[in-house]
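Trainee: File start05.csv below, CSV, C-alpha atoms:
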```csv
chain,number,residue,atom,x,y,z
S,1,MET,CA,-6.1,-13.6,-21.8
S,2,LYS,CA,-8.2,-14.5,-18.8
S,3,VAL,CA,-7.0,-13.7,-15.3
S,4,LEU,CA,-8.2,-14.6,-11.9
S,5,PHE,CA,-7.3,-12.4,-8.9
S,6,VAL,CA,-7.0,-14.2,-5.6
S,7,SER,CA,-6.9,-12.2,-2.4
S,8,SER,CA,-8.4,-12.1,1.1
S,9,ALA,CA,-11.7,-10.4,2.0
S,10,ASN,CA,-10.4,-9.0,5.3
S,11,TYR,CA,-11.8,-5.5,4.6
S,12,ASN,CA,-15.3,-5.9,6.0
S,13,GLY,CA,-15.9,-8.8,3.7
S,14,PHE,CA,-14.3,-7.2,0.6
S,15,PRO,CA,-10.8,-7.2,-0.9
S,16,SER,CA,-8.3,-4.6,-0.1
S,17,PRO,CA,-9.0,-1.3,-1.9
S,18,ILE,CA,-5.4,-1.5,-3.3
S,19,VAL,CA,-6.1,-4.8,-4.9
S,20,SER,CA,-9.6,-3.8,-6.1
S,21,SER,CA,-8.1,-0.6,-7.6
S,22,GLN,CA,-5.4,-2.6,-9.5
S,23,ARG,CA,-8.1,-5.0,-10.8
S,24,SER,CA,-10.1,-2.0,-12.1
S,25,SER,CA,-7.1,-0.4,-13.8
S,26,LEU,CA,-6.4,-3.7,-15.7
S,27,GLN,CA,-10.0,-4.1,-16.7
S,28,ASP,CA,-10.0,-0.5,-18.0
S,29,ILE,CA,-7.4,-1.4,-20.5
S,30,GLY,CA,-9.1,-4.5,-21.7
S,31,ILE,CA,-7.9,-7.4,-19.5
S,32,GLU,CA,-10.6,-9.9,-18.6
S,33,ILE,CA,-10.4,-10.4,-14.8
S,34,ASN,CA,-12.5,-12.2,-12.2
S,35,HIS,CA,-11.9,-12.1,-8.5
S,36,PHE,CA,-11.9,-14.9,-6.0
S,37,THR,CA,-11.9,-13.8,-2.4
S,38,ILE,CA,-10.6,-15.9,0.5
S,39,LYS,CA,-13.1,-15.5,3.3
S,40,LYS,CA,-11.6,-17.6,6.1
S,41,LYS,CA,-8.8,-16.3,8.3
S,42,GLY,CA,-5.7,-17.9,9.7
S,43,PHE,CA,-3.4,-20.5,8.2
S,44,SER,CA,-5.9,-23.3,8.5
S,45,GLY,CA,-8.6,-21.1,7.0
S,46,TYR,CA,-6.5,-20.4,3.9
S,47,ILE,CA,-5.9,-24.2,3.5
S,48,LYS,CA,-9.6,-24.8,3.6
S,49,GLU,CA,-10.3,-22.0,1.2
S,50,SER,CA,-7.8,-23.6,-1.3
S,51,ILE,CA,-10.3,-26.5,-1.6
S,52,ARG,CA,-13.1,-24.1,-2.5
S,53,LEU,CA,-10.8,-22.4,-5.0
S,54,ARG,CA,-9.9,-25.8,-6.5
S,55,ARG,CA,-13.6,-26.4,-7.1
S,56,PHE,CA,-14.0,-23.0,-8.6
S,57,LEU,CA,-11.2,-23.5,-11.0
S,58,HIS,CA,-12.8,-26.7,-12.3
S,59,LYS,CA,-15.8,-24.6,-13.5
S,60,LEU,CA,-13.9,-22.0,-15.5
S,61,ASP,CA,-10.6,-21.8,-17.4
S,62,TYR,CA,-8.0,-19.1,-16.7
S,63,ASP,CA,-4.6,-18.4,-18.2
S,64,ILE,CA,-3.2,-16.7,-15.1
S,65,LEU,CA,-3.9,-16.8,-11.4
S,66,HIS,CA,-2.7,-13.6,-9.8
S,67,ALA,CA,-2.5,-14.0,-6.0
S,68,HIS,CA,-2.0,-11.0,-3.7
S,69,TYR,CA,-0.1,-11.5,-0.5
S,70,GLY,CA,1.9,-14.5,0.6
S,71,LEU,CA,-0.9,-16.6,2.3
S,72,SER,CA,-3.2,-16.1,-0.7
S,73,ALA,CA,-0.4,-17.4,-2.9
S,74,LEU,CA,0.0,-20.5,-0.8
S,75,ALA,CA,-3.7,-21.3,-1.1
S,76,THR,CA,-3.6,-20.6,-4.8
S,77,LEU,CA,-0.6,-22.9,-5.3
S,78,LEU,CA,-2.5,-25.8,-3.6
S,79,ALA,CA,-5.6,-25.2,-5.8
S,80,ARG,CA,-4.1,-24.5,-9.2
S,81,ARG,CA,-4.2,-27.0,-12.1
S,82,ARG,CA,-2.2,-25.9,-15.1
S,83,GLU,CA,-2.7,-22.1,-14.9
S,84,LYS,CA,0.3,-19.8,-14.6
S,85,LEU,CA,0.7,-18.4,-11.1
S,86,ILE,CA,1.9,-14.9,-10.4
S,87,VAL,CA,2.2,-13.6,-6.9
S,88,SER,CA,2.2,-9.9,-5.7
S,89,PHE,CA,4.0,-9.7,-2.4
S,90,MET,CA,2.8,-6.6,-0.5
S,91,GLY,CA,5.2,-6.0,2.4
S,92,ASP,CA,5.2,-7.9,5.7
S,93,ASP,CA,4.9,-11.2,3.8
S,94,LEU,CA,8.6,-10.6,2.8
S,95,VAL,CA,10.0,-8.4,5.5
S,96,GLY,CA,8.1,-9.6,8.6
S,97,SER,CA,5.6,-8.2,11.0
S,98,ASN,CA,6.4,-6.1,14.0
S,99,ARG,CA,5.7,-6.1,17.7
S,100,LYS,CA,4.8,-2.9,19.5
S,101,ASP,CA,8.4,-2.3,20.3
S,102,GLY,CA,9.4,-2.6,16.6
S,103,ARG,CA,11.0,-6.1,16.8
S,104,VAL,CA,10.0,-8.5,14.1
S,105,THR,CA,8.1,-11.6,15.3
S,106,ASN,CA,9.6,-15.0,14.9
S,107,ILE,CA,6.5,-16.5,13.3
S,108,SER,CA,6.5,-13.8,10.6
S,109,LEU,CA,10.2,-14.5,9.9
S,110,LEU,CA,9.4,-18.1,9.4
S,111,LEU,CA,6.6,-17.2,7.0
S,112,VAL,CA,9.1,-14.9,5.1
S,113,LYS,CA,11.5,-17.9,4.7
S,114,VAL,CA,8.6,-20.1,3.4
S,115,ASN,CA,7.5,-17.4,1.0
S,116,SER,CA,11.0,-17.0,-0.4
S,117,ILE,CA,11.6,-20.7,-0.9
S,118,ILE,CA,8.3,-21.4,-2.5
S,119,ALA,CA,8.5,-18.3,-4.8
S,120,LYS,CA,11.8,-19.7,-6.1
S,121,CYS,CA,10.6,-23.2,-6.6
S,122,PHE,CA,6.9,-23.0,-7.6
S,123,TYR,CA,5.7,-19.5,-8.7
S,124,ASN,CA,6.0,-18.6,-12.3
S,125,PHE,CA,6.7,-15.0,-11.4
S,126,SER,CA,6.7,-12.6,-8.4
S,127,ILE,CA,5.9,-8.9,-8.2
S,128,VAL,CA,7.3,-6.9,-5.3
S,129,LYS,CA,6.8,-3.3,-4.4
S,130,SER,CA,10.3,-2.1,-3.5
S,131,GLU,CA,14.1,-2.9,-3.9
S,132,GLU,CA,14.1,-4.0,-0.2
S,133,MET,CA,11.5,-6.6,-0.9
S,134,SER,CA,13.3,-7.8,-4.0
S,135,ARG,CA,16.4,-8.6,-2.0
S,136,CYS,CA,14.3,-10.9,0.2
S,137,LEU,CA,13.8,-13.3,-2.8
S,138,THR,CA,16.4,-15.6,-4.3
S,139,THR,CA,14.7,-15.9,-7.7
S,140,SER,CA,15.4,-14.1,-10.9
S,141,LYS,CA,11.7,-14.3,-11.8
S,142,VAL,CA,10.7,-11.1,-10.1
S,143,SER,CA,9.9,-7.5,-11.0
S,144,ILE,CA,9.6,-4.4,-8.9
S,145,ILE,CA,6.3,-2.8,-9.7
S,146,PRO,CA,4.9,-0.5,-7.0
S,147,ASN,CA,1.1,-0.2,-6.7
S,148,GLY,CA,-0.3,2.6,-8.8
S,149,VAL,CA,-2.5,5.5,-7.6
S,150,ASP,CA,-5.6,6.5,-9.4
S,151,ILE,CA,-4.9,10.1,-10.2
S,152,ASN,CA,-8.4,10.6,-11.4
S,153,VAL,CA,-9.7,9.9,-7.9
S,154,PHE,CA,-6.8,11.5,-5.9
S,155,GLN,CA,-6.3,15.0,-7.1
S,156,PRO,CA,-5.9,18.5,-5.6
S,157,LEU,CA,-9.0,20.2,-4.2
S,158,ASN,CA,-9.5,23.5,-2.5
S,159,LYS,CA,-8.4,23.0,1.2
S,160,LEU,CA,-11.2,25.1,2.7
S,161,GLU,CA,-13.9,23.3,0.6
S,162,ALA,CA,-12.4,19.9,1.7
S,163,ARG,CA,-12.5,21.0,5.3
S,164,ASP,CA,-16.1,22.2,5.0
S,165,LYS,CA,-17.0,18.8,3.5
S,166,LEU,CA,-15.5,17.1,6.6
S,167,GLY,CA,-16.6,19.6,9.2
S,168,ILE,CA,-13.0,20.6,10.1
S,169,GLY,CA,-12.3,24.1,11.3
S,170,TYR,CA,-10.5,26.5,9.0
S,171,ASN,CA,-8.0,27.7,11.6
S,172,GLU,CA,-6.9,24.3,12.9
S,173,GLN,CA,-3.6,22.7,11.9
S,174,ILE,CA,-4.5,19.2,10.8
S,175,LEU,CA,-2.2,16.2,10.7
S,176,ILE,CA,-3.6,12.9,9.4
S,177,PHE,CA,-2.6,9.3,10.1
S,178,VAL,CA,-4.1,7.0,7.4
S,179,SER,CA,-4.1,3.5,8.8
S,180,SER,CA,-5.5,1.3,11.6
S,181,ILE,CA,-3.9,2.4,14.9
S,182,TYR,CA,-4.1,-1.2,16.0
S,183,ARG,CA,-1.6,-2.5,13.4
S,184,MET,CA,1.7,-2.6,15.3
S,185,GLU,CA,3.9,-2.1,12.2
S,186,LYS,CA,2.2,1.3,11.6
S,187,ASN,CA,3.8,2.6,14.9
S,188,ILE,CA,1.1,5.1,16.0
S,189,GLU,CA,3.1,5.6,19.2
S,190,LEU,CA,5.7,7.5,17.3
S,191,ALA,CA,3.1,9.8,15.8
S,192,LEU,CA,1.6,10.5,19.2
S,193,LYS,CA,4.9,11.2,20.9
S,194,ALA,CA,6.0,13.5,18.1
S,195,VAL,CA,2.8,15.5,18.0
S,196,LYS,CA,3.0,15.9,21.8
S,197,SER,CA,6.5,17.3,21.4
S,198,VAL,CA,5.3,19.9,18.9
S,199,SER,CA,3.3,21.5,21.8
S,200,ASN,CA,0.9,23.4,19.5
S,201,LEU,CA,-2.5,24.0,20.9
S,202,ALA,CA,-4.0,24.5,17.5
S,203,LEU,CA,-2.6,21.2,16.3
S,204,LYS,CA,-4.9,18.2,15.8
S,205,LEU,CA,-4.1,14.6,14.8
S,206,ILE,CA,-6.8,12.8,13.0
S,207,THR,CA,-6.6,9.0,12.4
S,208,VAL,CA,-8.4,7.8,9.3
S,209,ASN,CA,-9.2,4.1,8.5
S,210,ASP,CA,-11.7,2.0,6.6
S,211,ILE,CA,-13.3,4.7,4.5
S,212,SER,CA,-13.9,5.0,0.8
S,213,GLN,CA,-11.3,6.4,-1.6
S,214,ASN,CA,-13.8,9.2,-2.5
S,215,LYS,CA,-14.0,10.3,1.1
S,216,LEU,CA,-10.2,9.8,1.8
S,217,LEU,CA,-9.6,12.3,-1.0
S,218,TYR,CA,-11.1,15.1,1.2
S,219,TYR,CA,-8.8,14.2,4.1
S,220,TYR,CA,-5.7,14.5,2.0
S,221,ASN,CA,-6.8,17.9,0.7
S,222,ALA,CA,-8.0,19.1,4.1
S,223,ALA,CA,-4.8,18.1,5.9
S,224,ASP,CA,-1.8,20.3,6.5
S,225,VAL,CA,0.5,17.3,6.7
S,226,LEU,CA,0.3,13.5,6.3
S,227,LEU,CA,2.2,11.4,8.8
S,228,LEU,CA,3.6,7.9,8.2
S,229,THR,CA,5.5,6.4,11.1
S,230,SER,CA,5.7,2.7,10.0
S,231,TYR,CA,8.5,0.4,11.0
S,232,HIS,CA,8.4,-1.1,7.5
S,233,GLU,CA,6.4,-0.8,4.3
S,234,GLY,CA,6.6,-2.0,0.7
S,235,SER,CA,5.4,0.9,-1.4
S,236,PRO,CA,2.8,2.6,0.8
S,237,ASN,CA,-0.2,3.9,-1.2
S,238,VAL,CA,-1.0,6.6,1.4
S,239,ILE,CA,2.3,8.4,0.4
S,240,LYS,CA,1.4,8.2,-3.3
S,241,GLU,CA,-2.2,9.2,-2.7
S,242,ALA,CA,-1.1,12.2,-0.6
S,243,MET,CA,1.5,13.1,-3.3
S,244,ALA,CA,-1.2,13.0,-5.9
S,245,CYS,CA,-3.2,15.5,-3.8
S,246,ASN,CA,-0.1,17.7,-3.3
S,247,CYS,CA,-0.3,17.2,0.5
S,248,PRO,CA,2.9,17.8,2.6
S,249,ILE,CA,4.4,14.6,4.2
S,250,VAL,CA,6.5,13.5,7.1
S,251,SER,CA,7.5,9.9,6.9
S,252,THR,CA,10.0,7.4,8.3
S,253,ASN,CA,12.5,6.0,5.7
S,254,VAL,CA,10.7,2.8,4.9
S,255,GLY,CA,10.0,0.9,1.7
S,256,ASP,CA,10.3,3.2,-1.4
S,257,VAL,CA,9.2,6.4,0.4
S,258,LYS,CA,12.5,8.2,0.0
S,259,TRP,CA,12.6,7.5,-3.7
S,260,VAL,CA,9.0,8.5,-4.2
S,261,VAL,CA,9.2,11.9,-2.5
S,262,GLU,CA,12.9,12.5,-3.3
S,263,ASP,CA,13.5,16.2,-3.4
S,264,THR,CA,9.8,17.2,-3.4
S,265,GLU,CA,9.6,20.4,-1.4
S,266,GLY,CA,7.3,20.1,1.6
S,267,CYS,CA,8.0,16.3,2.1
S,268,TYR,CA,10.4,15.2,4.8
S,269,ILE,CA,12.0,12.0,5.8
S,270,ALA,CA,12.5,11.6,9.6
S,271,SER,CA,14.1,9.0,11.9
S,272,PHE,CA,12.3,7.0,14.6
S,273,ASP,CA,13.4,9.5,17.2
S,274,PRO,CA,10.2,11.4,18.4
S,275,GLU,CA,12.1,14.6,18.7
S,276,ASP,CA,13.5,14.4,15.2
S,277,PHE,CA,10.0,13.5,13.9
S,278,ALA,CA,8.6,16.4,15.7
S,279,GLU,CA,11.1,18.8,14.1
S,280,LYS,CA,10.2,17.5,10.7
S,281,ILE,CA,6.5,18.1,11.5
S,282,LYS,CA,7.3,21.7,12.4
S,283,LEU,CA,9.1,22.1,9.1
S,284,ALA,CA,6.1,20.6,7.2
S,285,LEU,CA,3.6,22.8,9.0
S,286,GLU,CA,5.7,25.9,8.2
S,287,PHE,CA,5.8,24.9,4.6
S,288,SER,CA,2.0,24.3,4.6
S,289,ARG,CA,1.5,27.8,6.2
S,290,VAL,CA,3.7,29.7,3.8
S,291,LYS,CA,3.5,27.8,0.5
S,292,GLY,CA,0.3,25.7,1.0
S,293,ARG,CA,0.8,22.6,-1.2
S,294,THR,CA,3.6,20.6,-2.7
S,295,ASN,CA,4.1,19.6,-6.4
S,296,GLY,CA,4.0,15.9,-5.4
S,297,ARG,CA,1.4,15.1,-8.2
S,298,ASP,CA,4.0,16.0,-10.8
S,299,ARG,CA,6.5,13.7,-9.2
S,300,ILE,CA,4.0,10.8,-9.2
S,301,ILE,CA,3.3,11.3,-12.9
S,302,LYS,CA,7.0,11.6,-13.7
S,303,LEU,CA,7.8,8.3,-12.0
S,304,GLY,CA,4.9,6.5,-13.8
S,305,LEU,CA,3.2,5.6,-10.6
S,306,ASP,CA,-0.3,6.4,-11.9
S,307,SER,CA,-2.5,3.3,-12.0
S,308,GLU,CA,-2.7,3.2,-15.8
S,309,THR,CA,1.1,3.1,-16.3
S,310,VAL,CA,1.4,0.5,-13.6
S,311,ALA,CA,-1.3,-1.6,-15.1
S,312,LYS,CA,0.6,-1.7,-18.4
S,313,LYS,CA,3.7,-2.9,-16.6
S,314,ILE,CA,1.7,-5.8,-15.0
S,315,ILE,CA,0.3,-6.7,-18.5
S,316,ASP,CA,3.9,-7.0,-19.7
S,317,VAL,CA,4.5,-9.5,-16.9
S,318,TYR,CA,1.4,-11.5,-17.9
S,319,LYS,CA,2.7,-11.6,-21.5
S,320,LYS,CA,6.2,-12.6,-20.4
S,321,VAL,CA,4.8,-15.5,-18.3
S,322,LEU,CA,2.5,-16.8,-21.0
S,323,ASN,CA,5.2,-16.7,-23.6
```
Is it possible to give me this structure as structure tokens?
Mentor:
Amino acid sequence: MKVLFVSSANYNGFPSPIVSSQRSSLQDIGIEINHFTIKKKGFSGYIKESIRLRRFLHKLDYDILHAHYGLSALATLLARRREKLIVSFMGDDLVGSNRKDGRVTNISLLLVKVNSIIAKCFYNFSIVKSEEMSRCLTTSKVSIIPNGVDINVFQPLNKLEARDKLGIGYNEQILIFVSSIYRMEKNIELALKAVKSVSNLALKLITVNDISQNKLLYYYNAADVLLLTSYHEGSPNVIKEAMACNCPIVSTNVGDVKWVVEDTEGCYIASFDPEDFAEKIKLALEFSRVKGRTNGRDRIIKLGLDSETVAKKIIDVYKKVLN
């Protein structure tokens, strides 16, 4: 079985760490995978890249083309010959993109409609990350497979040692926000308003973005609480990574977050009201002060959200499509 991953190279010229991690987990259990990265941006850029991909496919034979994100899938559809095409939808490609005020943009809703129609008519199989995303497709050829987390990378460490590694003071109360603050759907404004309402002079919010997983590990372990304030998500990896490190969490009820954290003590689901979010932060900080860490790692393993288990589920999809 030969597989070609197709995805954008929007992370400083490289694929998303989530996609790269999934590729590595499949390679670790014996799947032969190459990776074609789409370098141009915008709809016209993806169309041009489909021509380059078509030339690439003439040189090598693949059984399966596995595209990640809706636009990459469209480019792959235009380029493919007789290969099977599997698409992993990741979030806003099926639920839309948000403005700063939370409203979904009209152009993204149009793209959602296009993705849904083409998935039903032309893709051999679709993978989505949550039940919410599954409802956006009208095809039966779909499976819900959240992205896995590498529990060998993301694991509990001593908090003081992690803070020492990052140069963070031992007496500070640290909240982390792991995403670009410029992505509207991540809703940084809610985090800022809630933190301001907590009115704790020792409280510090640290935003983290575009760093290696090996360094991100230290932030999860140094933090008292992870904040996720998104308007929407598929199956956010930051939640699973934080859980794997036993970090307390406060999150809006988006994607599969409520299912992932469920009744894990020290993890809280909040509304989009800043005062409610602030109250949940206070509860999480108190939990962190009294009990320290959660048992989130056990929950991740119980749900089979480690990268190896998820990789085996994806291989089952590959086999199903080929047969």
Trainee: Of the candidates S:Leu74, S:Ala194, S:Leu57, S:Ile249, which shows the shortest atom-to-atom distance to Ser44 in chain S, using only C-alpha atoms?
Mentor: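 Under the stated criterion, the closest residue is S:Leu74.
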Trainee: Pick from S:Ser7, S:Thr138, S:Asn147, S:Gln213: nearest to Tyr46 in chain S, with only C-alpha atoms counted?
Mentor: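 Under the stated criterion, the closest residue is S:Ser7.
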Trainee: As a PDB file with C-alpha atoms, in the coordinates of the input, please: the residues near Ile188 in chain S (cut-off 10 Å, only C-alpha atoms, same-chain neighbours under 3 positions excluded).
Mentor:
```
ATOM      1  CA  LYS S 100       4.800  -2.900  19.500  1.00  0.00           C
ATOM      2  CA  PHE S 177      -2.600   9.300  10.100  1.00  0.00           C
ATOM      3  CA  SER S 179      -4.100   3.500   8.800  1.00  0.00           C
ATOM      4  CA  SER S 180      -5.500   1.300  11.600  1.00  0.00           C
ATOM      5  CA  ILE S 181      -3.900   2.400  14.900  1.00  0.00           C
ATOM      6  CA  TYR S 182      -4.100  -1.200  16.000  1.00  0.00           C
ATOM      7  CA  ARG S 183      -1.600  -2.500  13.400  1.00  0.00           C
ATOM      8  CA  MET S 184       1.700  -2.600  15.300  1.00  0.00           C
ATOM      9  CA  GLU S 185       3.900  -2.100  12.200  1.00  0.00           C
ATOM     10  CA  ALA S 191       3.100   9.800  15.800  1.00  0.00           C
ATOM     11  CA  LEU S 192       1.600  10.500  19.200  1.00  0.00           C
ATOM     12  CA  LYS S 193       4.900  11.200  20.900  1.00  0.00           C
ATOM     13  CA  ALA S 194       6.000  13.500  18.100  1.00  0.00           C
ATOM     14  CA  THR S 207      -6.600   9.000  12.400  1.00  0.00           C
ATOM     15  CA  LEU S 227       2.200  11.400   8.800  1.00  0.00           C
ATOM     16  CA  LEU S 228       3.600   7.900   8.200  1.00  0.00           C
ATOM     17  CA  THR S 229       5.500   6.400  11.100  1.00  0.00           C
ATOM     18  CA  SER S 230       5.700   2.700  10.000  1.00  0.00           C
TER      19      SER S 230
END
```
Trainee: Do you know which residues are at most 12 Å from Lys2 in chain S counting only C-alpha atoms, after dropping those on the same chain fewer than 5 positions away, and could you put them as a PyMOL selection string?
Mentor: chain S and resi 26-27+30-35+60-66+83-84+315+318-319+322
Trainee: Those selected residues, please, written with C-alpha atoms and delivered as a PDB file, keeping the file's coordinate frame.
Mentor:
```pdb
ATOM      1  CA  LEU S  26      -6.400  -3.700 -15.700  1.00  0.00           C
ATOM      2  CA  GLN S  27     -10.000  -4.100 -16.700  1.00  0.00           C
ATOM      3  CA  GLY S  30      -9.100  -4.500 -21.700  1.00  0.00           C
ATOM      4  CA  ILE S  31      -7.900  -7.400 -19.500  1.00  0.00           C
ATOM      5  CA  GLU S  32     -10.600  -9.900 -18.600  1.00  0.00           C
ATOM      6  CA  ILE S  33     -10.400 -10.400 -14.800  1.00  0.00           C
ATOM      7  CA  ASN S  34     -12.500 -12.200 -12.200  1.00  0.00           C
ATOM      8  CA  HIS S  35     -11.900 -12.100  -8.500  1.00  0.00           C
ATOM      9  CA  LEU S  60     -13.900 -22.000 -15.500  1.00  0.00           C
ATOM     10  CA  ASP S  61     -10.600 -21.800 -17.400  1.00  0.00           C
ATOM     11  CA  TYR S  62      -8.000 -19.100 -16.700  1.00  0.00           C
ATOM     12  CA  ASP S  63      -4.600 -18.400 -18.200  1.00  0.00           C
ATOM     13  CA  ILE S  64      -3.200 -16.700 -15.100  1.00  0.00           C
ATOM     14  CA  LEU S  65      -3.900 -16.800 -11.400  1.00  0.00           C
ATOM     15  CA  HIS S  66      -2.700 -13.600  -9.800  1.00  0.00           C
ATOM     16  CA  GLU S  83      -2.700 -22.100 -14.900  1.00  0.00           C
ATOM     17  CA  LYS S  84       0.300 -19.800 -14.600  1.00  0.00           C
ATOM     18  CA  ILE S 315       0.300  -6.700 -18.500  1.00  0.00           C
ATOM     19  CA  TYR S 318       1.400 -11.500 -17.900  1.00  0.00           C
ATOM     20  CA  LYS S 319       2.700 -11.600 -21.500  1.00  0.00           C
ATOM     21  CA  LEU S 322       2.500 -16.800 -21.000  1.00  0.00           C
TER      22      LEU S 322
END
```
Trainee: Please report, as CSV, each residue of range 157-250 of chain S lying at most 9 Å from range 127-132 of chain S, together with the nearest pair of atoms and the separation in Å rounded to one decimal; use all atoms listed in the file, and order rows by chain and ascending residue number.
Mentor:
```
residue,atom,partner,partner_atom,distance
S:Glu233,CA,S:Ser130,CA,8.8
S:Gly234,CA,S:Lys129,CA,5.3
S:Ser235,CA,S:Lys129,CA,5.3
S:Pro236,CA,S:Lys129,CA,8.8
```
Trainee: What is the CA of Ile47 in chain S to CA of Ala75 in chain S distance in Å?
Mentor: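 Those two atoms sit 5.9 Å apart.
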Trainee: What does the structure give for the distance between CA of Cys247 in chain S and CA of Arg293 in chain S, in Å to one decimal?
Mentor: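 That distance, rounded to one decimal, is 5.8 Å.
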Trainee: Out of S:Leu85, S:Leu111, S:Ala244, S:Leu166, which residue has the shortest atom-to-atom distance to Lys215 in chain S when counting all atoms listed in the file?
Mentor: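 Closest residue, counting all atoms listed in the file: S:Leu166.
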Trainee: Neighbours of Lys240 in chain S within 8 Å (all atoms listed in the file; same-chain residues fewer than 3 positions away dropped), as an MDAnalysis selection string?
Mentor: chainID S and resid 149 236:237 243:244 260 300 305
Trainee: Residues around (0.7, 16.4, 17.9), cut-off 12 Å, counting all atoms listed in the file - what are they as number ranges by chain?
Mentor: S: 173-177, 188-207, 225-227, 274-275, 277-282, 285
Trainee: Counting all atoms listed in the file, which residue out of S:Phe125, S:Phe56, S:Trp259, S:Tyr220 sits closest to Asn158 in chain S?
Mentor: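 Selected residue with least distance to Asn158 in chain S: S:Tyr220.
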Trainee: Taking only C-alpha atoms into account, which of S:Gln155, S:Ser116, S:Gln22, S:Ser143 comes nearest Asn214 in chain S?
Mentor: S:Gln155
Trainee: Considering all atoms listed in the file, can you say which of S:Val153, S:Cys245, S:Val290, S:Ile29 comes closest to Asn221 in chain S?
Mentor: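 Nearest candidate to Asn221 in chain S out of S:Val153, S:Cys245, S:Val290, S:Ile29: S:Cys245.
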Trainee: Residues near Val112 in chain S, anyone? I mean within 6 Å using only C-alpha atoms, not counting same-chain ones fewer than 3 positions away, as a ChimeraX atom specification.
Mentor: /S:93-94,109,115
Trainee: Between CA of Lys320 in chain S and CA of His68 in chain S, what distance in Å does the model show, to one decimal?
Mentor: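 Answer for the CA of Lys320 in chain S to CA of His68 in chain S separation: 18.7 Å.
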Trainee: Which residues, written as a ChimeraX atom specification, have at least one atom at most 12 Å from Asp28 in chain S, with all atoms listed in the file counted and residues fewer than 3 positions away on the same chain left out?
Mentor: /S:21-25,31-33,150,307-309,311-312
Trainee: Working from the structure I just supplied, which lacks atoms in range 283-297 of chain S, can you model N, CA and C atoms there and output them as a short mmCIF file (atom, residue, chain, number, x, y, z; two decimals), keeping the file's coordinate frame?
Mentor:
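Contents of result_30.cif, as written:
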```
data_model
loop_
_atom_site.label_atom_id
_atom_site.label_comp_id
_atom_site.auth_asym_id
_atom_site.auth_seq_id
_atom_site.Cartn_x
_atom_site.Cartn_y
_atom_site.Cartn_z
N LEU S 283 8.67 21.66 10.37
CA LEU S 283 9.10 22.10 9.10
C LEU S 283 7.94 22.00 8.04
N ALA S 284 7.24 20.85 8.09
CA ALA S 284 6.10 20.60 7.20
C ALA S 284 4.98 21.57 7.41
N LEU S 285 4.69 21.83 8.68
CA LEU S 285 3.60 22.80 9.00
C LEU S 285 3.97 24.19 8.55
N GLU S 286 5.23 24.57 8.71
CA GLU S 286 5.70 25.90 8.20
C GLU S 286 5.55 25.99 6.72
N PHE S 287 5.95 24.91 6.04
CA PHE S 287 5.80 24.90 4.60
C PHE S 287 4.34 25.03 4.20
N SER S 288 3.48 24.28 4.88
CA SER S 288 2.00 24.30 4.60
C SER S 288 1.49 25.73 4.83
N ARG S 289 1.97 26.40 5.90
CA ARG S 289 1.50 27.80 6.20
C ARG S 289 1.92 28.76 5.17
N VAL S 290 3.17 28.66 4.72
CA VAL S 290 3.70 29.70 3.80
C VAL S 290 3.42 29.38 2.35
N LYS S 291 3.60 28.11 1.94
CA LYS S 291 3.50 27.80 0.50
C LYS S 291 2.20 26.98 0.18
N GLY S 292 1.60 26.39 1.20
CA GLY S 292 0.30 25.70 1.00
C GLY S 292 0.52 24.24 0.57
N ARG S 293 0.74 23.99 -0.70
CA ARG S 293 0.80 22.60 -1.20
C ARG S 293 2.07 22.31 -1.93
N THR S 294 2.35 21.02 -2.07
CA THR S 294 3.60 20.60 -2.70
C THR S 294 3.31 20.42 -4.25
N ASN S 295 4.33 19.98 -4.97
CA ASN S 295 4.10 19.60 -6.40
C ASN S 295 4.28 18.07 -6.51
N GLY S 296 3.83 17.36 -5.47
CA GLY S 296 4.00 15.90 -5.40
C GLY S 296 3.27 15.21 -6.58
N ARG S 297 2.17 15.77 -7.06
CA ARG S 297 1.40 15.10 -8.20
C ARG S 297 2.32 15.02 -9.41
#
```
